[in-house]
file run-v4.cif (mmCIF, C-alpha atoms)
data_target
loop_
_atom_site.group_PDB
_atom_site.id
_atom_site.type_symbol
_atom_site.label_atom_id
_atom_site.label_comp_id
_atom_site.auth_asym_id
_atom_site.auth_seq_id
_atom_site.Cartn_x
_atom_site.Cartn_y
_atom_site.Cartn_z
ATOM 1 C CA MET A 1 0.000 0.000 0.000
ATOM 2 C CA THR A 2 1.417 3.395 -0.956
ATOM 3 C CA ALA A 3 1.521 6.125 1.647
ATOM 4 C CA ALA A 4 -0.866 9.047 1.260
ATOM 5 C CA THR A 5 0.692 12.265 0.011
ATOM 6 C CA PRO A 6 0.732 15.048 2.629
ATOM 7 C CA SER A 7 -1.884 17.077 0.733
ATOM 8 C CA ALA A 8 -4.309 14.119 0.851
ATOM 9 C CA LEU A 9 -4.008 13.611 4.601
ATOM 10 C CA PRO A 10 -6.731 14.925 6.935
ATOM 11 C CA VAL A 11 -6.379 17.916 9.202
ATOM 12 C CA LEU A 12 -6.486 16.901 12.856
ATOM 13 C CA ILE A 13 -8.712 18.957 15.160
ATOM 14 C CA LEU A 14 -7.713 18.427 18.775
ATOM 15 C CA HIS A 15 -11.044 19.108 20.466
ATOM 16 C CA THR A 16 -10.397 20.368 24.004
ATOM 17 C CA GLY A 17 -13.892 21.389 25.128
ATOM 18 C CA ASP A 18 -17.171 23.064 24.185
ATOM 19 C CA PRO A 19 -19.415 25.994 25.124
ATOM 20 C CA ASP A 20 -22.428 25.306 27.307
ATOM 21 C CA ASP A 21 -25.290 23.362 25.772
ATOM 22 C CA THR A 22 -27.367 26.437 24.977
ATOM 23 C CA LEU A 23 -24.619 28.127 22.977
ATOM 24 C CA LYS A 24 -23.563 24.827 21.423
ATOM 25 C CA SER A 25 -27.110 24.179 20.180
ATOM 26 C CA GLN A 26 -27.148 27.607 18.519
ATOM 27 C CA PHE A 27 -23.635 27.840 17.095
ATOM 28 C CA GLY A 28 -22.129 24.356 17.153
ATOM 29 C CA GLY A 29 -19.253 23.046 19.222
ATOM 30 C CA TYR A 30 -15.760 24.468 19.155
ATOM 31 C CA ALA A 31 -14.450 21.779 16.803
ATOM 32 C CA GLU A 32 -17.255 22.520 14.332
ATOM 33 C CA GLN A 33 -16.663 26.268 14.537
ATOM 34 C CA ILE A 34 -12.938 25.898 13.916
ATOM 35 C CA MET A 35 -13.589 23.516 11.014
ATOM 36 C CA LEU A 36 -15.871 26.078 9.385
ATOM 37 C CA ALA A 37 -13.376 28.903 9.967
ATOM 38 C CA ALA A 38 -10.715 26.766 8.291
ATOM 39 C CA GLY A 39 -12.947 26.204 5.277
ATOM 40 C CA LEU A 40 -12.720 22.433 5.701
ATOM 41 C CA ALA A 41 -15.316 19.834 4.812
ATOM 42 C CA ALA A 42 -16.136 17.227 7.438
ATOM 43 C CA SER A 43 -14.544 14.598 5.201
ATOM 44 C CA ALA A 44 -11.210 16.464 5.344
ATOM 45 C CA VAL A 45 -10.841 16.477 9.136
ATOM 46 C CA ASP A 46 -10.280 14.046 11.963
ATOM 47 C CA ILE A 47 -11.879 15.448 15.130
ATOM 48 C CA VAL A 48 -10.389 13.897 18.261
ATOM 49 C CA ALA A 49 -12.128 14.834 21.528
ATOM 50 C CA VAL A 50 -9.090 14.672 23.778
ATOM 51 C CA TYR A 51 -11.060 16.127 26.702
ATOM 52 C CA GLU A 52 -13.235 13.007 26.563
ATOM 53 C CA GLY A 53 -10.216 10.692 26.587
ATOM 54 C CA GLN A 54 -9.824 10.160 22.844
ATOM 55 C CA ARG A 55 -6.278 10.102 21.498
ATOM 56 C CA PRO A 56 -4.944 11.137 18.098
ATOM 57 C CA GLN A 57 -2.865 8.917 15.868
ATOM 58 C CA SER A 58 0.812 9.676 15.299
ATOM 59 C CA PRO A 59 1.580 13.050 13.667
ATOM 60 C CA SER A 60 2.445 11.353 10.371
ATOM 61 C CA HIS A 61 -1.267 10.611 9.841
ATOM 62 C CA TYR A 62 -2.127 14.327 9.452
ATOM 63 C CA ARG A 63 -1.160 17.277 7.281
ATOM 64 C CA ALA A 64 -1.763 19.786 10.082
ATOM 65 C CA ALA A 65 -3.274 20.058 13.558
ATOM 66 C CA LEU A 66 -5.693 22.671 14.901
ATOM 67 C CA ILE A 67 -6.241 22.939 18.665
ATOM 68 C CA THR A 68 -9.553 24.374 19.876
ATOM 69 C CA GLY A 69 -10.508 26.576 22.766
ATOM 70 C CA SER A 70 -12.021 25.148 25.949
ATOM 71 C CA PRO A 71 -13.736 26.132 29.200
ATOM 72 C CA ALA A 72 -11.000 24.111 30.960
ATOM 73 C CA MET A 73 -7.840 25.738 32.337
ATOM 74 C CA VAL A 74 -4.383 24.671 31.176
ATOM 75 C CA SER A 75 -2.992 25.437 34.626
ATOM 76 C CA ASP A 76 -5.163 22.647 36.094
ATOM 77 C CA LYS A 77 -2.922 20.167 34.232
ATOM 78 C CA GLU A 78 -5.676 17.602 33.801
ATOM 79 C CA PRO A 79 -4.380 14.197 32.630
ATOM 80 C CA TRP A 80 -5.974 14.472 29.170
ATOM 81 C CA SER A 81 -4.440 17.912 28.739
ATOM 82 C CA GLU A 82 -0.966 16.784 29.785
ATOM 83 C CA ASP A 83 -1.258 13.782 27.451
ATOM 84 C CA THR A 84 -2.154 16.158 24.625
ATOM 85 C CA ALA A 85 0.825 18.373 25.493
ATOM 86 C CA ALA A 86 3.088 15.330 25.144
ATOM 87 C CA TRP A 87 1.552 14.624 21.723
ATOM 88 C CA LEU A 88 2.214 18.244 20.697
ATOM 89 C CA ARG A 89 5.888 17.824 21.560
ATOM 90 C CA GLU A 90 5.994 14.724 19.374
ATOM 91 C CA ALA A 91 4.246 16.619 16.567
ATOM 92 C CA LEU A 92 6.692 19.523 16.738
ATOM 93 C CA GLU A 93 9.581 17.095 16.514
ATOM 94 C CA ALA A 94 7.924 15.574 13.431
ATOM 95 C CA GLY A 95 7.572 18.989 11.796
ATOM 96 C CA LEU A 96 3.746 18.995 11.742
ATOM 97 C CA PRO A 97 2.204 22.434 11.076
ATOM 98 C CA MET A 98 -0.025 23.420 14.012
ATOM 99 C CA PHE A 99 -2.356 26.270 14.929
ATOM 100 C CA GLY A 100 -3.756 26.659 18.441
ATOM 101 C CA VAL A 101 -6.599 28.925 19.577
ATOM 102 C CA CYS A 102 -7.099 30.218 23.155
ATOM 103 C CA TYR A 103 -6.750 27.001 25.192
ATOM 104 C CA GLY A 104 -4.787 25.604 22.250
ATOM 105 C CA HIS A 105 -2.531 28.687 22.305
ATOM 106 C CA GLN A 106 -1.880 28.251 26.005
ATOM 107 C CA LEU A 107 -1.427 24.486 25.753
ATOM 108 C CA LEU A 108 1.215 24.873 23.044
ATOM 109 C CA ALA A 109 3.093 27.377 25.196
ATOM 110 C CA HIS A 110 2.827 25.085 28.229
ATOM 111 C CA ALA A 111 3.909 22.027 26.227
ATOM 112 C CA PHE A 112 7.153 23.696 25.209
ATOM 113 C CA GLY A 113 8.146 25.162 28.560
ATOM 114 C CA GLY A 114 6.158 28.387 28.804
ATOM 115 C CA LYS A 115 4.067 29.448 31.779
ATOM 116 C CA VAL A 116 0.268 29.776 31.752
ATOM 117 C CA GLY A 117 -1.977 31.303 34.401
ATOM 118 C CA TYR A 118 -4.628 33.906 35.092
ATOM 119 C CA ASN A 119 -4.034 37.201 33.333
ATOM 120 C CA PRO A 120 -3.046 39.840 35.934
ATOM 121 C CA ALA A 121 -4.791 42.432 33.742
ATOM 122 C CA GLY A 122 -8.099 40.576 34.105
ATOM 123 C CA ARG A 123 -10.569 38.888 31.808
ATOM 124 C CA GLU A 124 -10.524 39.920 28.144
ATOM 125 C CA VAL A 125 -13.843 39.543 26.322
ATOM 126 C CA GLY A 126 -15.638 40.993 23.331
ATOM 127 C CA THR A 127 -14.214 42.502 20.156
ATOM 128 C CA GLN A 128 -10.817 44.011 20.914
ATOM 129 C CA THR A 129 -7.954 45.428 18.857
ATOM 130 C CA VAL A 130 -4.909 43.332 18.013
ATOM 131 C CA GLU A 131 -1.644 45.070 17.137
ATOM 132 C CA LEU A 132 1.023 43.344 15.068
ATOM 133 C CA LEU A 133 4.593 43.643 16.326
ATOM 134 C CA PRO A 134 7.676 44.204 14.146
ATOM 135 C CA THR A 135 8.483 40.484 14.468
ATOM 136 C CA ALA A 136 5.451 39.732 12.294
ATOM 137 C CA GLY A 137 6.846 41.751 9.410
ATOM 138 C CA GLY A 138 8.997 38.987 7.981
ATOM 139 C CA ASP A 139 6.561 36.167 8.639
ATOM 140 C CA GLN A 140 5.024 34.453 5.623
ATOM 141 C CA LEU A 141 1.687 33.900 7.349
ATOM 142 C CA MET A 142 1.277 37.555 8.276
ATOM 143 C CA ALA A 143 2.341 39.096 4.948
ATOM 144 C CA GLY A 144 -0.132 41.824 4.013
ATOM 145 C CA VAL A 145 -2.050 41.668 7.300
ATOM 146 C CA PRO A 146 -2.900 45.175 8.614
ATOM 147 C CA THR A 147 -0.865 46.406 11.581
ATOM 148 C CA THR A 148 -4.050 46.579 13.688
ATOM 149 C CA PHE A 149 -7.286 44.629 13.315
ATOM 150 C CA PRO A 150 -10.267 43.626 15.477
ATOM 151 C CA ALA A 151 -10.536 40.104 16.927
ATOM 152 C CA GLN A 152 -12.896 38.244 19.237
ATOM 153 C CA MET A 153 -11.615 37.618 22.764
ATOM 154 C CA LEU A 154 -12.882 35.255 25.439
ATOM 155 C CA HIS A 155 -10.289 34.333 28.053
ATOM 156 C CA ALA A 156 -9.267 34.652 31.682
ATOM 157 C CA GLN A 157 -5.963 32.784 31.509
ATOM 158 C CA THR A 158 -3.053 33.715 29.285
ATOM 159 C CA VAL A 159 0.521 32.881 28.357
ATOM 160 C CA LEU A 160 2.485 34.553 31.142
ATOM 161 C CA GLN A 161 5.911 33.414 29.981
ATOM 162 C CA LEU A 162 6.902 32.338 26.484
ATOM 163 C CA PRO A 163 8.608 29.068 25.638
ATOM 164 C CA ALA A 164 12.296 29.483 24.847
ATOM 165 C CA GLY A 165 12.768 30.696 21.282
ATOM 166 C CA ALA A 166 9.126 31.604 20.677
ATOM 167 C CA ALA A 167 8.399 34.825 18.805
ATOM 168 C CA VAL A 168 5.552 37.176 19.730
ATOM 169 C CA LEU A 169 3.754 38.354 16.599
ATOM 170 C CA ALA A 170 0.887 40.392 18.099
ATOM 171 C CA ARG A 171 -0.388 41.957 21.308
ATOM 172 C CA SER A 172 -3.494 43.676 22.709
ATOM 173 C CA ASP A 173 -4.072 46.192 25.490
ATOM 174 C CA LEU A 174 -4.598 43.440 28.084
ATOM 175 C CA ASP A 175 -2.352 40.710 26.679
ATOM 176 C CA GLU A 176 1.238 40.998 25.478
ATOM 177 C CA HIS A 177 1.117 37.531 23.878
ATOM 178 C CA GLN A 178 -1.918 37.581 21.583
ATOM 179 C CA MET A 179 -0.153 35.640 18.837
ATOM 180 C CA ILE A 180 3.039 33.627 18.935
ATOM 181 C CA ARG A 181 5.101 31.443 16.650
ATOM 182 C CA ILE A 182 7.070 28.417 17.811
ATOM 183 C CA GLY A 183 9.648 27.170 15.360
ATOM 184 C CA ARG A 184 8.881 27.548 11.668
ATOM 185 C CA ASN A 185 5.268 26.433 11.289
ATOM 186 C CA VAL A 186 3.553 26.381 14.685
ATOM 187 C CA PHE A 187 1.302 29.366 15.412
ATOM 188 C CA SER A 188 -1.224 30.216 18.075
ATOM 189 C CA THR A 189 -3.599 33.018 18.960
ATOM 190 C CA GLN A 190 -5.118 33.988 22.274
ATOM 191 C CA PHE A 191 -7.948 35.564 20.292
ATOM 192 C CA HIS A 192 -10.585 33.489 18.497
ATOM 193 C CA PRO A 193 -10.483 33.545 14.669
ATOM 194 C CA GLU A 194 -13.364 31.054 14.621
ATOM 195 C CA PHE A 195 -15.924 33.101 16.590
ATOM 196 C CA GLY A 196 -18.395 35.303 14.760
ATOM 197 C CA PRO A 197 -20.027 38.401 16.269
ATOM 198 C CA ASP A 198 -23.334 36.603 16.877
ATOM 199 C CA PHE A 199 -21.618 34.033 19.087
ATOM 200 C CA ILE A 200 -19.867 36.741 21.117
ATOM 201 C CA ARG A 201 -23.091 38.712 21.565
ATOM 202 C CA ALA A 202 -24.917 35.589 22.714
ATOM 203 C CA HIS A 203 -22.098 34.713 25.095
ATOM 204 C CA LEU A 204 -22.104 38.205 26.618
ATOM 205 C CA GLU A 205 -25.865 38.019 27.087
ATOM 206 C CA ARG A 206 -25.634 34.599 28.710
ATOM 207 C CA TYR A 207 -22.756 35.480 31.067
ATOM 208 C CA GLY A 208 -23.440 39.184 31.469
ATOM 209 C CA ARG A 209 -24.331 38.971 35.162
ATOM 210 C CA ARG A 210 -21.077 37.168 35.983
ATOM 211 C CA TYR A 211 -19.020 39.680 34.010
ATOM 212 C CA ALA A 212 -20.822 42.636 35.546
ATOM 213 C CA ALA A 213 -19.852 41.253 38.956
ATOM 214 C CA GLU A 214 -16.236 41.505 37.763
ATOM 215 C CA ASN A 215 -16.855 45.195 36.983
ATOM 216 C CA LEU A 216 -16.820 44.682 33.233
ATOM 217 C CA ASP A 217 -18.931 47.091 31.159
ATOM 218 C CA VAL A 218 -21.172 44.456 29.574
ATOM 219 C CA PRO A 219 -23.441 46.900 27.663
ATOM 220 C CA GLY A 220 -20.363 48.642 26.279
ATOM 221 C CA LEU A 221 -18.729 45.349 25.329
ATOM 222 C CA SER A 222 -21.917 44.188 23.614
ATOM 223 C CA ALA A 223 -22.279 47.444 21.694
ATOM 224 C CA ASN A 224 -18.681 47.140 20.454
ATOM 225 C CA VAL A 225 -19.045 43.613 19.036
ATOM 226 C CA ARG A 226 -18.450 43.608 15.290
ATOM 227 C CA ALA A 227 -17.194 41.453 12.439
ATOM 228 C CA THR A 228 -13.508 40.497 12.451
ATOM 229 C CA PRO A 229 -12.658 39.514 8.856
ATOM 230 C CA VAL A 230 -8.864 39.679 9.160
ATOM 231 C CA ALA A 231 -8.744 37.491 12.262
ATOM 232 C CA ALA A 232 -11.417 35.189 10.818
ATOM 233 C CA GLY A 233 -9.252 34.395 7.811
ATOM 234 C CA LEU A 234 -6.111 33.384 9.677
ATOM 235 C CA ILE A 235 -6.746 29.648 10.069
ATOM 236 C CA ARG A 236 -7.557 29.188 6.392
ATOM 237 C CA ARG A 237 -4.525 31.325 5.536
ATOM 238 C CA PHE A 238 -2.371 29.143 7.793
ATOM 239 C CA LEU A 239 -3.482 25.950 6.057
ATOM 240 C CA ASP A 240 -3.022 27.460 2.592
ATOM 241 C CA THR A 241 0.485 28.578 3.539
ATOM 242 C CA TYR A 242 1.837 25.633 5.510
ATOM 243 C CA ALA A 243 -0.420 22.634 4.790
ATOM 244 C CA PRO A 244 -2.256 22.995 1.481
ATOM 245 C CA GLY A 245 -4.798 20.307 0.678
ATOM 246 C CA ALA A 246 -5.165 18.208 -2.415
#
call {"tool": "encode", "arguments": {"input": "run-v4.cif", "output": "structure tokens"}}
result
Amino acid sequence: MTAATPSALPVLILHTGDPDDTLKSQFGGYAEQIMLAAGLAASAVDIVAVYEGQRPQSPSHYRAALITGSPAMVSDKEPWSEDTAAWLREALEAGLPMFGVCYGHQLLAHAFGGKVGYNPAGREVGTQTVELLPTAGGDQLMAGVPTTFPAQMLHAQTVLQLPAGAAVLARSDLDEHQMIRIGRNVFSTQFHPEFGPDFIRAHLERYGRRYAAENLDVPGLSANVRATPVAAGLIRRFLDTYAPGA
């Protein structure tokens, strides 16, 4: 039997958690949302629910890996999460292109020696501005991306300390590590390319009382929610650049 060419291999989605049932019923789970943002058909992906104890195959079975967000916390170091971190180290060694979002961003940093914990600046939610740093200027993935653009945020924890050798590509007012690159073809964003404005509005409505108790301006955050086309295109751009399909 001949081996599949890299372009014919599926994209792995490491599914690390989901929104609550109400939001999931309206907008789909996190794996589904990231698949749609990537422009992938269901037949082109292998969704592995690692938070439910499923395990991916070896990195050679995939052309790229995407790591979803999650309501879990990387700093809790749950067994499934630590097992996934070990797989990520194996995948990096194998040269697999990877893109992590929110929990996936933090898990990649943790897997390679960075530090993750609660953001001292507080929770970051809603549509916020991302600013590219000079380090992004020579990066193939970020070529032509505006120096500032809006992105959807939904996180309490953050990457507090980078892994050795990682490059910071973008920041925001509350987070110095909004986007990082590890090695040549591993990227991650604290912001959510896969979330649309309707999901963020619904989330703010559902959790508004909790956020108001944290002194967040929920009406102001809701009024500021808008489309984020630059951020929304990054996962598809990543695959086109580093792991094109057949």
call {"tool": "closest_residue", "arguments": {"input": "run-v4.cif", "among": "A:Asp198, A:Arg63, A:Ile235, A:Ala227", "to": "A:Gln26", "atoms": "only C-alpha atoms"}}
result
A:Asp198
call {"tool": "resolve_selection", "arguments": {"input": "run-v4.cif", "expression": "the PyMOL selection byres ((chain A and resi 59) around 8)", "output": "list in words"}}
result
Gln57, Ser58, Ser60, His61, Tyr62, Glu90, Ala91, Ala94 and Leu96 of chain A
call {"tool": "resolve_selection", "arguments": {"input": "run-v4.cif", "expression": "the PyMOL selection byres ((chain A and resi 146) around 12)", "output": "list in words"}}
result
Thr129, Val130, Glu131, Leu132, Leu133, Pro134, Ala136, Gly137, Met142, Ala143, Gly144, Val145, Thr147, Thr148, Phe149, Pro150, Ala170, Pro229, Val230 and Ala231 of chain A
call {"tool": "residues_around", "arguments": {"input": "run-v4.cif", "residues": "A:Phe27", "least_positions_apart": "4", "cutoff": "12 Å", "atoms": "only C-alpha atoms", "output": "list in words"}}
result
Asp18, Pro19, Asp20, Asp21, Thr22, Leu23, Ala31, Glu32, Gln33, Ile34, Leu36, Glu194, Phe195, Gly196, Pro197, Asp198, Phe199, Ile200, Arg201, Ala202 and His203 of chain A
call {"tool": "resolve_selection", "arguments": {"input": "run-v4.cif", "expression": "the PyMOL selection byres ((chain A and resi 71-88) around 6)", "output": "PDB file with C-alpha atoms, in the frame of the given file"}}
result
ATOM      1  CA  TYR A  51     -11.060  16.127  26.702  1.00  0.00           C
ATOM      2  CA  SER A  70     -12.021  25.148  25.949  1.00  0.00           C
ATOM      3  CA  ARG A  89       5.888  17.824  21.560  1.00  0.00           C
ATOM      4  CA  GLU A  90       5.994  14.724  19.374  1.00  0.00           C
ATOM      5  CA  ALA A  91       4.246  16.619  16.567  1.00  0.00           C
ATOM      6  CA  ALA A 111       3.909  22.027  26.227  1.00  0.00           C
ATOM      7  CA  GLY A 117      -1.977  31.303  34.401  1.00  0.00           C
TER       8      GLY A 117
END
call {"tool": "atom_distance", "arguments": {"input": "run-v4.cif", "atom1": "atom CA of A:Leu204", "atom2": "atom CA of A:Ala223"}}
result
10.5 Å
call {"tool": "residues_around", "arguments": {"input": "run-v4.cif", "residues": "A:Glu124", "least_positions_apart": "6", "cutoff": "12 Å", "atoms": "only C-alpha atoms", "output": "PDB file with C-alpha atoms, in the coordinates of the input"}}
result
ATOM      1  CA  CYS A 102      -7.099  30.218  23.155  1.00  0.00           C
ATOM      2  CA  TYR A 118      -4.628  33.906  35.092  1.00  0.00           C
ATOM      3  CA  ALA A 151     -10.536  40.104  16.927  1.00  0.00           C
ATOM      4  CA  GLN A 152     -12.896  38.244  19.237  1.00  0.00           C
ATOM      5  CA  MET A 153     -11.615  37.618  22.764  1.00  0.00           C
ATOM      6  CA  LEU A 154     -12.882  35.255  25.439  1.00  0.00           C
ATOM      7  CA  HIS A 155     -10.289  34.333  28.053  1.00  0.00           C
ATOM      8  CA  ALA A 156      -9.267  34.652  31.682  1.00  0.00           C
ATOM      9  CA  GLN A 157      -5.963  32.784  31.509  1.00  0.00           C
ATOM     10  CA  THR A 158      -3.053  33.715  29.285  1.00  0.00           C
ATOM     11  CA  SER A 172      -3.494  43.676  22.709  1.00  0.00           C
ATOM     12  CA  ASP A 173      -4.072  46.192  25.490  1.00  0.00           C
ATOM     13  CA  LEU A 174      -4.598  43.440  28.084  1.00  0.00           C
ATOM     14  CA  ASP A 175      -2.352  40.710  26.679  1.00  0.00           C
ATOM     15  CA  GLN A 178      -1.918  37.581  21.583  1.00  0.00           C
ATOM     16  CA  GLN A 190      -5.118  33.988  22.274  1.00  0.00           C
ATOM     17  CA  PHE A 191      -7.948  35.564  20.292  1.00  0.00           C
ATOM     18  CA  HIS A 192     -10.585  33.489  18.497  1.00  0.00           C
ATOM     19  CA  LEU A 204     -22.104  38.205  26.618  1.00  0.00           C
ATOM     20  CA  TYR A 211     -19.020  39.680  34.010  1.00  0.00           C
ATOM     21  CA  GLU A 214     -16.236  41.505  37.763  1.00  0.00           C
ATOM     22  CA  LEU A 216     -16.820  44.682  33.233  1.00  0.00           C
ATOM     23  CA  ASP A 217     -18.931  47.091  31.159  1.00  0.00           C
ATOM     24  CA  VAL A 218     -21.172  44.456  29.574  1.00  0.00           C
ATOM     25  CA  LEU A 221     -18.729  45.349  25.329  1.00  0.00           C
TER      26      LEU A 221
END
call {"tool": "residues_near_point", "arguments": {"input": "run-v4.cif", "point": "(3.0, 27.3, 4.0)", "cutoff": "12 Å", "atoms": "all atoms listed in the file", "output": "list in words"}}
result
Ser7, Arg63, Ala64, Leu96, Pro97, Met98, Asp139, Gln140, Leu141, Met142, Ala143, Arg184, Asn185, Val186, Phe187, Ile235, Arg236, Arg237, Phe238, Leu239, Asp240, Thr241, Tyr242, Ala243, Pro244 and Gly245 of chain A
call {"tool": "closest_residue", "arguments": {"input": "run-v4.cif", "among": "A:Ala42, A:Val225, A:Ala109, A:Ile67", "to": "A:Pro10", "atoms": "all atoms listed in the file"}}
result
A:Ala42
call {"tool": "closest_residue", "arguments": {"input": "run-v4.cif", "among": "A:Val125, A:Phe99, A:Gly114, A:Glu93", "to": "A:Ala166", "atoms": "all atoms listed in the file"}}
result
A:Gly114
call {"tool": "atom_distance", "arguments": {"input": "run-v4.cif", "atom1": "atom CA of A:Thr135", "atom2": "atom CA of A:Leu162"}}
result
14.6 Å
call {"tool": "atom_distance", "arguments": {"input": "run-v4.cif", "atom1": "atom CA of A:Leu160", "atom2": "atom CA of A:Gln106"}}
result
9.2 Å
call {"tool": "closest_residue", "arguments": {"input": "run-v4.cif", "among": "A:Gly138, A:Gly165, A:Gly100, A:Gly208", "to": "A:Leu12", "atoms": "only C-alpha atoms"}}
result
A:Gly100
call {"tool": "axis_aligned_box", "arguments": {"input": "run-v4.cif", "around": "stretch 55-60 of chain A", "padding_each_side": "8 Å", "output": "AutoDock Vina command-line options"}}
result
--center_x -1.9 --center_y 11.0 --center_z 15.9 --size_x 24.7 --size_y 20.1 --size_z 27.1
call {"tool": "build_atoms", "arguments": {"input": "run-v4.cif", "residues": "stretch 77-94 of chain A", "atoms": "N, CA and C atoms", "output": "PDB file, in the coordinates of the input"}}
result
ATOM      1  N   LYS A  77      -3.762  21.311  34.635  1.00  0.00           N
ATOM      2  CA  LYS A  77      -2.922  20.167  34.232  1.00  0.00           C
ATOM      3  C   LYS A  77      -3.680  18.841  34.348  1.00  0.00           C
ATOM      4  N   GLU A  78      -4.901  18.836  33.796  1.00  0.00           N
ATOM      5  CA  GLU A  78      -5.676  17.602  33.801  1.00  0.00           C
ATOM      6  C   GLU A  78      -4.958  16.532  32.975  1.00  0.00           C
ATOM      7  N   PRO A  79      -5.119  15.263  33.329  1.00  0.00           N
ATOM      8  CA  PRO A  79      -4.380  14.197  32.630  1.00  0.00           C
ATOM      9  C   PRO A  79      -4.545  14.227  31.118  1.00  0.00           C
ATOM     10  N   TRP A  80      -5.772  14.445  30.621  1.00  0.00           N
ATOM     11  CA  TRP A  80      -5.974  14.472  29.170  1.00  0.00           C
ATOM     12  C   TRP A  80      -5.208  15.618  28.530  1.00  0.00           C
ATOM     13  N   SER A  81      -5.135  16.738  29.259  1.00  0.00           N
ATOM     14  CA  SER A  81      -4.440  17.912  28.739  1.00  0.00           C
ATOM     15  C   SER A  81      -2.931  17.685  28.703  1.00  0.00           C
ATOM     16  N   GLU A  82      -2.400  17.090  29.750  1.00  0.00           N
ATOM     17  CA  GLU A  82      -0.966  16.784  29.785  1.00  0.00           C
ATOM     18  C   GLU A  82      -0.599  15.740  28.738  1.00  0.00           C
ATOM     19  N   ASP A  83      -1.488  14.764  28.515  1.00  0.00           N
ATOM     20  CA  ASP A  83      -1.258  13.782  27.451  1.00  0.00           C
ATOM     21  C   ASP A  83      -1.221  14.468  26.088  1.00  0.00           C
ATOM     22  N   THR A  84      -2.119  15.428  25.891  1.00  0.00           N
ATOM     23  CA  THR A  84      -2.154  16.158  24.625  1.00  0.00           C
ATOM     24  C   THR A  84      -0.896  17.010  24.462  1.00  0.00           C
ATOM     25  N   ALA A  85      -0.418  17.601  25.550  1.00  0.00           N
ATOM     26  CA  ALA A  85       0.825  18.373  25.493  1.00  0.00           C
ATOM     27  C   ALA A  85       1.989  17.490  25.061  1.00  0.00           C
ATOM     28  N   ALA A  86       2.022  16.262  25.551  1.00  0.00           N
ATOM     29  CA  ALA A  86       3.088  15.330  25.144  1.00  0.00           C
ATOM     30  C   ALA A  86       2.971  15.025  23.654  1.00  0.00           C
ATOM     31  N   TRP A  87       1.739  14.860  23.158  1.00  0.00           N
ATOM     32  CA  TRP A  87       1.552  14.624  21.723  1.00  0.00           C
ATOM     33  C   TRP A  87       2.028  15.833  20.914  1.00  0.00           C
ATOM     34  N   LEU A  88       1.773  17.036  21.393  1.00  0.00           N
ATOM     35  CA  LEU A  88       2.214  18.244  20.697  1.00  0.00           C
ATOM     36  C   LEU A  88       3.733  18.301  20.594  1.00  0.00           C
ATOM     37  N   ARG A  89       4.409  17.861  21.624  1.00  0.00           N
ATOM     38  CA  ARG A  89       5.888  17.824  21.560  1.00  0.00           C
ATOM     39  C   ARG A  89       6.349  16.837  20.488  1.00  0.00           C
ATOM     40  N   GLU A  90       5.676  15.711  20.413  1.00  0.00           N
ATOM     41  CA  GLU A  90       5.994  14.724  19.374  1.00  0.00           C
ATOM     42  C   GLU A  90       5.725  15.313  17.988  1.00  0.00           C
ATOM     43  N   ALA A  91       4.615  16.039  17.856  1.00  0.00           N
ATOM     44  CA  ALA A  91       4.246  16.619  16.567  1.00  0.00           C
ATOM     45  C   ALA A  91       5.235  17.697  16.126  1.00  0.00           C
ATOM     46  N   LEU A  92       5.694  18.510  17.074  1.00  0.00           N
ATOM     47  CA  LEU A  92       6.692  19.523  16.738  1.00  0.00           C
ATOM     48  C   LEU A  92       7.969  18.868  16.241  1.00  0.00           C
ATOM     49  N   GLU A  93       8.387  17.822  16.918  1.00  0.00           N
ATOM     50  CA  GLU A  93       9.581  17.095  16.514  1.00  0.00           C
ATOM     51  C   GLU A  93       9.427  16.527  15.099  1.00  0.00           C
ATOM     52  N   ALA A  94       8.196  16.138  14.755  1.00  0.00           N
ATOM     53  CA  ALA A  94       7.924  15.574  13.431  1.00  0.00           C
ATOM     54  C   ALA A  94       7.740  16.645  12.358  1.00  0.00           C
TER      55      ALA A  94
END
